[in-house]
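Report on the structure given below.
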Amino acid sequence: MSNTINNTPDAGVPDASVIPGEALQRANAPKRKVFAWALWDWSTQPFATVITTFVFGVYLVSSHFGEDTDQLSINYGWAMAAVGVAIALLAPVLGQGSDRRGNRMRNLFITTMLLAVISASLYFVQPDPGYFWLGVALLGVGNVVAEIANVNYYAAIDQVSTPENVGRVSGLGWGLGYLGGITILLLIVLILGMEFAPDDIRIAMVFCGVWTVIFSIPIFIALKDRKPVVMPEKVGVIGAYKELIRSIVRVWRTSRHTLYFLIASAVFRDGLGGVFTYGAILASVTFGFTGGEVIIFGIVANLTAGISSMLFGMLDDRIGPKNVIMISLVSMVLLGLAIFFFHDIGKPIFWVCGLLLTLFVGPAQAASRSYLARLTPEGHTGEIFGLYATTGRAVSFLSSTAWALSIGIAASLAGGAEESVQYAGILGIVIVLAIGLVVLIPVKDPTRVRTTA
């Protein structure tokens, strides 16, 4: 296939339509490099699994930090909203900078080590109301740093994959990430027990930081920065945003399917996040899971998502990433509806349908990343993945809003009996996933894209 791309230094996005896999290598990378790249997901997973989802986030809004836990949750929510805005503003600019200066791996090293330090620093958040905002601030900064690191990490996939195996490589990364979350959660439970007392939580934070440092080392040994052939002139913040706008316009004019995909993926990825974000709440409030049962469910859910990510990664390379995403989203919508309509069955329905839901979360996430990697032209991976992060954060309120509205409407219809209609929140997540599915349908699959100069 013959195609041309304008790769002049001042080009935000190629003038020609994006070539599938153009940014990827043509020769297979050594397996040790592929594994080293994927291991980074394993190394940083404690921040998502232990710190944000199962342990520290819950700790921050507990009675240890004040009697009014509702107000704590509100304050926590507003703080995380501010974090989302910061990420939306920073990600694309930093991504462009990585592409321009060829210092992607250096930036990844700095942000990874900073994330490890922040994780360990959470040890100093004692169970006292006076430490609440310290905990929120550290967690917020950690989320910003993690997202910035992800921009550079996602972009580095072009150094370890080809158009033929990018799906498997991406799936391996997601799979190791989930398995890493399971492993560290199991280790913490085995060492500290299931009760998660405040001191146990604080010690676990140090463990998370050390874990990130140790397991991130391989990627920095295996992969090095690749300097651009022509070093472009430095661009300030305002200049970077002007170029970003020009890039979006050029993508719209030359490769609209890329922009459509960024929009569609932003919506359905927020729905995917909502599955894990509110899964523990559903399990506990609606289906009566104990704290220990929630942890066990989380471990099994991560194991399920991790294995399916790697298996579906092979399917991605065979049938294409869009088909993998479509299969995953349709299945999740149906399973979510099953939980809603058959919630009276109790724990069994959530164990079965809830775990099946997580079966499709990882594959959809991994296929989304490989889809974008196939679309991205050489020299613009950081910028495009910056847009990927930005669009995702721009709609990060969707699942939370849909969740709250669904419960509120159900409560009104039920005469205000809110406790009895918590299960209605799953409808909000289903709606977000369905919207993402509908927007994705007209998007062209990378394997069918053809370009002309």
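If you're wondering about the labels, chains in the structure tokens are A, B, ... by order shown, residues count from 1 in each chain, ligands from 1 in order shown.
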**Request:** Please provide as a ChimeraX atom specification all residues within 12 Å of Gly273 (chain A), with the sequence filter that same-chain residues fewer than 6 positions apart are discarded (counting only C-alpha atoms).
**Result:** /A:48,53,265-267,279,357-358,360-362,364-365,392-393,395-400,429-430,432-433
**Item:** Contacts of Ala79 (chain A) within 9 Å, only C-alpha atoms, excl. fewer than 6 positions in-chain, as a VMD selection string
**Value:** chain A and resid 136 to 137 140
**Message:** I'd like the contact shell of region 293-308 of chain A - 8 Å cut-off, only C-alpha atoms, skipping same-chain residues fewer than 2 positions apart - returned as a ChimeraX atom specification.
**Reply:** /A:54,174-179,181-182,185-186,280,283-284,289-291,310-312,351,355,358-363
Restricting the output to C-alpha atoms, write the selected residues as an mmCIF file, in the first residue's frame.
data_model
loop_
_atom_site.group_PDB
_atom_site.id
_atom_site.type_symbol
_atom_site.label_atom_id
_atom_site.label_comp_id
_atom_site.auth_asym_id
_atom_site.auth_seq_id
_atom_site.Cartn_x
_atom_site.Cartn_y
_atom_site.Cartn_z
ATOM 1 C CA PHE A 54 -10.230 -0.563 47.010
ATOM 2 C CA TRP A 174 -3.589 -4.543 30.073
ATOM 3 C CA GLY A 175 -3.476 -8.157 31.210
ATOM 4 C CA LEU A 176 -0.302 -7.709 33.252
ATOM 5 C CA GLY A 177 -1.810 -4.567 34.738
ATOM 6 C CA TYR A 178 -4.849 -6.421 36.023
ATOM 7 C CA LEU A 179 -2.754 -9.342 37.236
ATOM 8 C CA GLY A 181 -3.390 -5.414 40.817
ATOM 9 C CA ILE A 182 -4.526 -8.846 41.931
ATOM 10 C CA LEU A 185 -3.902 -6.904 46.687
ATOM 11 C CA LEU A 186 -3.440 -10.554 47.631
ATOM 12 C CA ALA A 280 -18.123 -2.162 44.847
ATOM 13 C CA ALA A 283 -22.069 -5.178 45.695
ATOM 14 C CA SER A 284 -22.116 -3.678 49.185
ATOM 15 C CA PHE A 289 -21.644 -8.041 50.253
ATOM 16 C CA THR A 290 -19.441 -7.796 53.334
ATOM 17 C CA GLY A 291 -16.152 -5.909 53.174
ATOM 18 C CA MET A 310 -4.610 -11.148 26.827
ATOM 19 C CA LEU A 311 -6.935 -13.655 25.139
ATOM 20 C CA PHE A 312 -8.912 -10.982 23.334
ATOM 21 C CA TRP A 351 -21.521 -12.756 41.100
ATOM 22 C CA LEU A 355 -17.903 -11.020 36.790
ATOM 23 C CA THR A 358 -15.488 -7.457 33.987
ATOM 24 C CA LEU A 359 -14.665 -10.118 31.384
ATOM 25 C CA PHE A 360 -15.269 -7.500 28.690
ATOM 26 C CA VAL A 361 -13.818 -4.397 30.376
ATOM 27 C CA GLY A 362 -10.167 -5.250 29.760
ATOM 28 C CA PRO A 363 -10.587 -6.298 26.111
#
**Prompt:** Which is closer to Pro127 (chain A) than all the others in A:Val166, A:Val85, A:Met105, A:Ser62, using only C-alpha atoms?
**Reply:** A:Ser62
Report as a PDB file with N, CA and C atoms, in the first residue's frame: the residues of region 142-194 of chain A with a DSSP assignment of alpha helix (DSSP H), based on the backbone of this structure.
ATOM      1  N   GLY A 142      -1.319  12.663  42.513  1.00  0.00           N
ATOM      2  CA  GLY A 142      -0.955  11.340  42.015  1.00  0.00           C
ATOM      3  C   GLY A 142      -1.726  10.964  40.767  1.00  0.00           C
ATOM      4  N   ASN A 143      -3.012  11.301  40.731  1.00  0.00           N
ATOM      5  CA  ASN A 143      -3.822  11.018  39.550  1.00  0.00           C
ATOM      6  C   ASN A 143      -3.355  11.815  38.342  1.00  0.00           C
ATOM      7  N   VAL A 144      -2.983  13.074  38.564  1.00  0.00           N
ATOM      8  CA  VAL A 144      -2.468  13.896  37.464  1.00  0.00           C
ATOM      9  C   VAL A 144      -1.172  13.298  36.931  1.00  0.00           C
ATOM     10  N   VAL A 145      -0.274  12.960  37.837  1.00  0.00           N
ATOM     11  CA  VAL A 145       1.018  12.382  37.441  1.00  0.00           C
ATOM     12  C   VAL A 145       0.811  11.057  36.708  1.00  0.00           C
ATOM     13  N   ALA A 146      -0.115  10.237  37.199  1.00  0.00           N
ATOM     14  CA  ALA A 146      -0.376   8.943  36.566  1.00  0.00           C
ATOM     15  C   ALA A 146      -0.881   9.116  35.141  1.00  0.00           C
ATOM     16  N   GLU A 147      -1.750  10.089  34.930  1.00  0.00           N
ATOM     17  CA  GLU A 147      -2.284  10.314  33.587  1.00  0.00           C
ATOM     18  C   GLU A 147      -1.213  10.845  32.642  1.00  0.00           C
ATOM     19  N   ILE A 148      -0.360  11.735  33.142  1.00  0.00           N
ATOM     20  CA  ILE A 148       0.734  12.248  32.315  1.00  0.00           C
ATOM     21  C   ILE A 148       1.668  11.097  31.932  1.00  0.00           C
ATOM     22  N   ALA A 149       1.949  10.233  32.892  1.00  0.00           N
ATOM     23  CA  ALA A 149       2.797   9.073  32.613  1.00  0.00           C
ATOM     24  C   ALA A 149       2.153   8.174  31.568  1.00  0.00           C
ATOM     25  N   ASN A 150       0.844   8.004  31.658  1.00  0.00           N
ATOM     26  CA  ASN A 150       0.144   7.150  30.705  1.00  0.00           C
ATOM     27  C   ASN A 150       0.259   7.662  29.278  1.00  0.00           C
ATOM     28  N   VAL A 151       0.237   8.982  29.100  1.00  0.00           N
ATOM     29  CA  VAL A 151       0.374   9.549  27.758  1.00  0.00           C
ATOM     30  C   VAL A 151       1.672   9.071  27.123  1.00  0.00           C
ATOM     31  N   ASN A 152       2.765   9.150  27.871  1.00  0.00           N
ATOM     32  CA  ASN A 152       4.067   8.728  27.353  1.00  0.00           C
ATOM     33  C   ASN A 152       4.156   7.208  27.218  1.00  0.00           C
ATOM     34  N   TYR A 153       3.560   6.495  28.161  1.00  0.00           N
ATOM     35  CA  TYR A 153       3.599   5.027  28.108  1.00  0.00           C
ATOM     36  C   TYR A 153       2.803   4.498  26.924  1.00  0.00           C
ATOM     37  N   TYR A 154       1.587   4.998  26.749  1.00  0.00           N
ATOM     38  CA  TYR A 154       0.777   4.556  25.617  1.00  0.00           C
ATOM     39  C   TYR A 154       1.501   4.829  24.300  1.00  0.00           C
ATOM     40  N   ALA A 155       2.115   6.009  24.209  1.00  0.00           N
ATOM     41  CA  ALA A 155       2.804   6.380  22.976  1.00  0.00           C
ATOM     42  C   ALA A 155       3.993   5.469  22.698  1.00  0.00           C
ATOM     43  N   VAL A 166       0.116  -5.435  17.251  1.00  0.00           N
ATOM     44  CA  VAL A 166      -0.138  -4.383  18.232  1.00  0.00           C
ATOM     45  C   VAL A 166      -1.273  -4.755  19.179  1.00  0.00           C
ATOM     46  N   GLY A 167      -2.264  -5.510  18.669  1.00  0.00           N
ATOM     47  CA  GLY A 167      -3.365  -5.926  19.532  1.00  0.00           C
ATOM     48  C   GLY A 167      -2.899  -6.840  20.648  1.00  0.00           C
ATOM     49  N   ARG A 168      -2.038  -7.800  20.308  1.00  0.00           N
ATOM     50  CA  ARG A 168      -1.519  -8.714  21.320  1.00  0.00           C
ATOM     51  C   ARG A 168      -0.632  -7.992  22.331  1.00  0.00           C
ATOM     52  N   VAL A 169       0.184  -7.064  21.835  1.00  0.00           N
ATOM     53  CA  VAL A 169       1.067  -6.322  22.734  1.00  0.00           C
ATOM     54  C   VAL A 169       0.248  -5.468  23.698  1.00  0.00           C
ATOM     55  N   SER A 170      -0.753  -4.763  23.157  1.00  0.00           N
ATOM     56  CA  SER A 170      -1.612  -3.934  24.004  1.00  0.00           C
ATOM     57  C   SER A 170      -2.358  -4.794  25.019  1.00  0.00           C
ATOM     58  N   GLY A 171      -2.875  -5.940  24.563  1.00  0.00           N
ATOM     59  CA  GLY A 171      -3.585  -6.843  25.467  1.00  0.00           C
ATOM     60  C   GLY A 171      -2.691  -7.384  26.564  1.00  0.00           C
ATOM     61  N   LEU A 172      -1.417  -7.649  26.218  1.00  0.00           N
ATOM     62  CA  LEU A 172      -0.463  -8.121  27.224  1.00  0.00           C
ATOM     63  C   LEU A 172      -0.271  -7.073  28.314  1.00  0.00           C
ATOM     64  N   GLY A 173      -0.165  -5.801  27.903  1.00  0.00           N
ATOM     65  CA  GLY A 173      -0.002  -4.729  28.878  1.00  0.00           C
ATOM     66  C   GLY A 173      -1.185  -4.634  29.820  1.00  0.00           C
ATOM     67  N   TRP A 174      -2.395  -4.612  29.234  1.00  0.00           N
ATOM     68  CA  TRP A 174      -3.589  -4.543  30.073  1.00  0.00           C
ATOM     69  C   TRP A 174      -3.682  -5.762  30.985  1.00  0.00           C
ATOM     70  N   GLY A 175      -3.390  -6.936  30.418  1.00  0.00           N
ATOM     71  CA  GLY A 175      -3.476  -8.157  31.210  1.00  0.00           C
ATOM     72  C   GLY A 175      -2.524  -8.158  32.388  1.00  0.00           C
ATOM     73  N   LEU A 176      -1.270  -7.769  32.155  1.00  0.00           N
ATOM     74  CA  LEU A 176      -0.302  -7.709  33.252  1.00  0.00           C
ATOM     75  C   LEU A 176      -0.712  -6.656  34.277  1.00  0.00           C
ATOM     76  N   GLY A 177      -1.338  -5.587  33.811  1.00  0.00           N
ATOM     77  CA  GLY A 177      -1.810  -4.567  34.738  1.00  0.00           C
ATOM     78  C   GLY A 177      -2.835  -5.130  35.709  1.00  0.00           C
ATOM     79  N   TYR A 178      -3.831  -5.821  35.167  1.00  0.00           N
ATOM     80  CA  TYR A 178      -4.849  -6.421  36.023  1.00  0.00           C
ATOM     81  C   TYR A 178      -4.249  -7.473  36.957  1.00  0.00           C
ATOM     82  N   LEU A 179      -3.371  -8.308  36.410  1.00  0.00           N
ATOM     83  CA  LEU A 179      -2.754  -9.342  37.236  1.00  0.00           C
ATOM     84  C   LEU A 179      -1.872  -8.729  38.321  1.00  0.00           C
ATOM     85  N   GLY A 180      -1.225  -7.616  38.004  1.00  0.00           N
ATOM     86  CA  GLY A 180      -0.426  -6.922  39.010  1.00  0.00           C
ATOM     87  C   GLY A 180      -1.286  -6.405  40.142  1.00  0.00           C
ATOM     88  N   GLY A 181      -2.465  -5.885  39.795  1.00  0.00           N
ATOM     89  CA  GLY A 181      -3.390  -5.414  40.817  1.00  0.00           C
ATOM     90  C   GLY A 181      -3.843  -6.532  41.734  1.00  0.00           C
ATOM     91  N   ILE A 182      -4.117  -7.690  41.135  1.00  0.00           N
ATOM     92  CA  ILE A 182      -4.526  -8.846  41.931  1.00  0.00           C
ATOM     93  C   ILE A 182      -3.409  -9.286  42.863  1.00  0.00           C
ATOM     94  N   THR A 183      -2.207  -9.362  42.306  1.00  0.00           N
ATOM     95  CA  THR A 183      -1.070  -9.865  43.075  1.00  0.00           C
ATOM     96  C   THR A 183      -0.779  -9.003  44.293  1.00  0.00           C
ATOM     97  N   ILE A 184      -0.712  -7.690  44.093  1.00  0.00           N
ATOM     98  CA  ILE A 184      -0.384  -6.826  45.226  1.00  0.00           C
ATOM     99  C   ILE A 184      -1.527  -6.786  46.234  1.00  0.00           C
ATOM    100  N   LEU A 185      -2.771  -6.881  45.762  1.00  0.00           N
ATOM    101  CA  LEU A 185      -3.902  -6.904  46.687  1.00  0.00           C
ATOM    102  C   LEU A 185      -3.873  -8.177  47.533  1.00  0.00           C
ATOM    103  N   LEU A 186      -3.555  -9.293  46.892  1.00  0.00           N
ATOM    104  CA  LEU A 186      -3.440 -10.554  47.631  1.00  0.00           C
ATOM    105  C   LEU A 186      -2.310 -10.500  48.652  1.00  0.00           C
ATOM    106  N   LEU A 187      -1.176  -9.941  48.246  1.00  0.00           N
ATOM    107  CA  LEU A 187      -0.041  -9.843  49.163  1.00  0.00           C
ATOM    108  C   LEU A 187      -0.376  -8.978  50.373  1.00  0.00           C
ATOM    109  N   ILE A 188      -1.054  -7.866  50.123  1.00  0.00           N
ATOM    110  CA  ILE A 188      -1.424  -6.974  51.222  1.00  0.00           C
ATOM    111  C   ILE A 188      -2.399  -7.665  52.170  1.00  0.00           C
ATOM    112  N   VAL A 189      -3.362  -8.403  51.602  1.00  0.00           N
ATOM    113  CA  VAL A 189      -4.327  -9.123  52.431  1.00  0.00           C
ATOM    114  C   VAL A 189      -3.629 -10.210  53.243  1.00  0.00           C
ATOM    115  N   LEU A 190      -2.718 -10.941  52.605  1.00  0.00           N
ATOM    116  CA  LEU A 190      -2.006 -12.015  53.303  1.00  0.00           C
ATOM    117  C   LEU A 190      -1.124 -11.482  54.423  1.00  0.00           C
ATOM    118  N   ILE A 191      -0.495 -10.325  54.178  1.00  0.00           N
ATOM    119  CA  ILE A 191       0.432  -9.768  55.162  1.00  0.00           C
ATOM    120  C   ILE A 191      -0.287  -8.981  56.258  1.00  0.00           C
ATOM    121  N   LEU A 192      -1.284  -8.185  55.859  1.00  0.00           N
ATOM    122  CA  LEU A 192      -1.924  -7.272  56.804  1.00  0.00           C
ATOM    123  C   LEU A 192      -3.320  -7.705  57.235  1.00  0.00           C
TER     124      LEU A 192
END
**Request:** Using CA of Ser255 (chain A) and CA of Gly320 (chain A) as the two end points, give the distance in Å to one decimal.
**Result:** 18.5 Å
**Message:** Which residue is closest to Phe350 (chain A)? Choose from A:Leu39, A:Ile281, A:Val324, A:Val438 and count only C-alpha atoms.
**Reply:**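 So, comparing all the options, the nearest one is A:Ile281.
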**Asked** Near region 212-226 of chain A, within 10 Å and counting only C-alpha atoms, which residues show up once chain neighbours fewer than 3 positions away are dropped, as number ranges by chain?
**Response** A: 30, 32-47, 98-99, 101-109, 112-117, 119-120, 153, 156, 159-160, 180, 207-209, 229
Kindly export the residues of the current selection with N, CA and C atoms, as a compact mmCIF listing (two decimals), in the first residue's frame.
# COMPACT_ATOMS: atom_id res chain seq x y z
N PRO A 30 12.30 -7.36 20.07
CA PRO A 30 12.66 -8.52 20.90
C PRO A 30 11.62 -8.72 22.01
N ARG A 32 11.94 -9.50 25.02
CA ARG A 32 12.29 -8.88 26.30
C ARG A 32 11.85 -7.42 26.34
N LYS A 33 11.91 -6.73 25.19
CA LYS A 33 11.46 -5.34 25.14
C LYS A 33 9.94 -5.26 25.25
N VAL A 34 9.26 -6.17 24.58
CA VAL A 34 7.80 -6.20 24.67
C VAL A 34 7.36 -6.44 26.11
N PHE A 35 7.99 -7.42 26.76
CA PHE A 35 7.63 -7.73 28.15
C PHE A 35 7.97 -6.58 29.08
N ALA A 36 9.12 -5.94 28.84
CA ALA A 36 9.53 -4.80 29.67
C ALA A 36 8.52 -3.67 29.56
N TRP A 37 8.04 -3.43 28.33
CA TRP A 37 7.03 -2.38 28.12
C TRP A 37 5.75 -2.75 28.87
N ALA A 38 5.28 -3.98 28.69
CA ALA A 38 4.02 -4.40 29.32
C ALA A 38 4.13 -4.43 30.84
N LEU A 39 5.31 -4.69 31.37
CA LEU A 39 5.50 -4.78 32.82
C LEU A 39 5.25 -3.44 33.51
N TRP A 40 5.34 -2.34 32.76
CA TRP A 40 5.07 -1.03 33.37
C TRP A 40 3.63 -0.97 33.87
N ASP A 41 2.70 -1.57 33.12
CA ASP A 41 1.31 -1.63 33.57
C ASP A 41 1.22 -2.35 34.92
N TRP A 42 1.96 -3.42 35.06
CA TRP A 42 2.01 -4.18 36.31
C TRP A 42 2.56 -3.31 37.44
N SER A 43 3.60 -2.54 37.13
CA SER A 43 4.30 -1.76 38.17
C SER A 43 3.45 -0.63 38.72
N THR A 44 2.60 -0.04 37.91
CA THR A 44 1.83 1.13 38.35
C THR A 44 0.40 0.80 38.74
N GLN A 45 0.00 -0.45 38.58
CA GLN A 45 -1.37 -0.84 38.89
C GLN A 45 -1.76 -0.63 40.36
N PRO A 46 -0.84 -0.73 41.33
CA PRO A 46 -1.23 -0.49 42.73
C PRO A 46 -1.90 0.85 42.95
N PHE A 47 -1.50 1.87 42.18
CA PHE A 47 -2.12 3.18 42.38
C PHE A 47 -3.60 3.13 42.03
N SER A 98 6.64 15.66 24.11
CA SER A 98 7.39 14.41 24.01
C SER A 98 7.74 14.09 22.57
N ASP A 99 6.78 14.30 21.67
CA ASP A 99 7.03 14.02 20.26
C ASP A 99 8.06 14.97 19.68
N ARG A 101 10.53 16.75 21.20
CA ARG A 101 11.89 16.70 21.72
C ARG A 101 12.45 15.28 21.81
N GLY A 102 11.60 14.29 21.55
CA GLY A 102 12.07 12.92 21.60
C GLY A 102 12.50 12.46 22.98
N ASN A 103 11.86 12.99 24.03
CA ASN A 103 12.24 12.62 25.41
C ASN A 103 11.12 11.88 26.13
N ARG A 104 10.40 11.09 25.38
CA ARG A 104 9.27 10.33 25.92
C ARG A 104 9.67 9.47 27.11
N MET A 105 10.76 8.71 26.98
CA MET A 105 11.16 7.80 28.05
C MET A 105 11.69 8.55 29.27
N ARG A 106 12.35 9.67 29.05
CA ARG A 106 12.81 10.47 30.18
C ARG A 106 11.61 10.98 30.97
N ASN A 107 10.61 11.47 30.26
CA ASN A 107 9.40 11.96 30.93
C ASN A 107 8.69 10.83 31.67
N LEU A 108 8.67 9.65 31.06
CA LEU A 108 8.02 8.51 31.70
C LEU A 108 8.76 8.12 32.98
N PHE A 109 10.08 8.18 32.95
CA PHE A 109 10.87 7.85 34.14
C PHE A 109 10.57 8.83 35.28
N THR A 112 6.99 8.32 36.60
CA THR A 112 6.85 7.04 37.30
C THR A 112 7.46 7.11 38.70
N MET A 113 8.66 7.66 38.79
CA MET A 113 9.31 7.78 40.10
C MET A 113 8.52 8.73 41.01
N LEU A 114 7.98 9.79 40.43
CA LEU A 114 7.17 10.73 41.21
C LEU A 114 5.91 10.04 41.72
N LEU A 115 5.30 9.20 40.89
CA LEU A 115 4.12 8.46 41.31
C LEU A 115 4.45 7.52 42.46
N ALA A 116 5.61 6.90 42.41
CA ALA A 116 6.04 6.01 43.49
C ALA A 116 6.23 6.77 44.80
N VAL A 117 6.83 7.96 44.71
CA VAL A 117 7.05 8.78 45.90
C VAL A 117 5.72 9.23 46.49
N SER A 119 2.82 7.74 46.18
CA SER A 119 2.16 6.56 46.76
C SER A 119 2.69 6.29 48.17
N ALA A 120 4.00 6.28 48.31
CA ALA A 120 4.60 6.02 49.62
C ALA A 120 4.29 7.14 50.61
N TYR A 153 3.56 6.49 28.16
CA TYR A 153 3.60 5.03 28.11
C TYR A 153 2.80 4.50 26.92
N ALA A 156 4.61 4.92 23.73
CA ALA A 156 5.79 4.07 23.57
C ALA A 156 5.46 2.72 22.97
N GLN A 159 7.26 1.50 19.85
CA GLN A 159 8.63 1.00 19.90
C GLN A 159 8.69 -0.52 20.10
N VAL A 160 7.55 -1.13 20.39
CA VAL A 160 7.56 -2.56 20.71
C VAL A 160 6.53 -3.37 19.92
N GLY A 180 -1.22 -7.62 38.00
CA GLY A 180 -0.43 -6.92 39.01
C GLY A 180 -1.29 -6.40 40.14
N PHE A 207 4.34 0.07 50.64
CA PHE A 207 4.53 -1.13 49.84
C PHE A 207 4.22 -0.85 48.37
N CYS A 208 3.16 -0.09 48.12
CA CYS A 208 2.78 0.26 46.74
C CYS A 208 3.87 1.07 46.05
N GLY A 209 4.44 2.03 46.78
CA GLY A 209 5.50 2.85 46.21
C GLY A 209 6.73 2.05 45.83
N VAL A 229 14.84 13.40 13.75
CA VAL A 229 15.89 13.69 12.77
C VAL A 229 16.15 15.18 12.70
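Residue nearest Val206 (chain A) within the list A:Phe65, A:Phe341, A:Phe268, A:Phe124: A:Phe124 [criterion: smallest interatomic distance, only C-alpha atoms].
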**Request:** Quick one: pull the distance between CA of Ala410 (chain A) and CA of Tyr76 (chain A), Å, one decimal.
**Result:**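 Here the two named atoms are 25.2 Å from each other.
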**Prompt:** When distances are computed from only C-alpha atoms, which of A:Ser309, A:Gly193, A:Val83, A:Arg269 shows the smallest separation from Ala434 (chain A)?
**Reply:** A:Arg269
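Excluding Ile431 (chain A) itself and any same-chain residue fewer than 4 positions from it, the protein and nucleic acid residues within 10 Å of it, counting only C-alpha atoms, are Phe268, Gly271, Val333, Gly336, Leu337, Leu398, Ser399, Ala402, Trp403, Ser406, Ile426, Leu427, Ile435, Gly436 and Leu437 of chain A.
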**Fill in**
Restricting to only C-alpha atoms, whichever of A:Gly425, A:Gly84, A:Pro442, A:Pro129 is closest to Gly66 (chain A) is A:Pro129
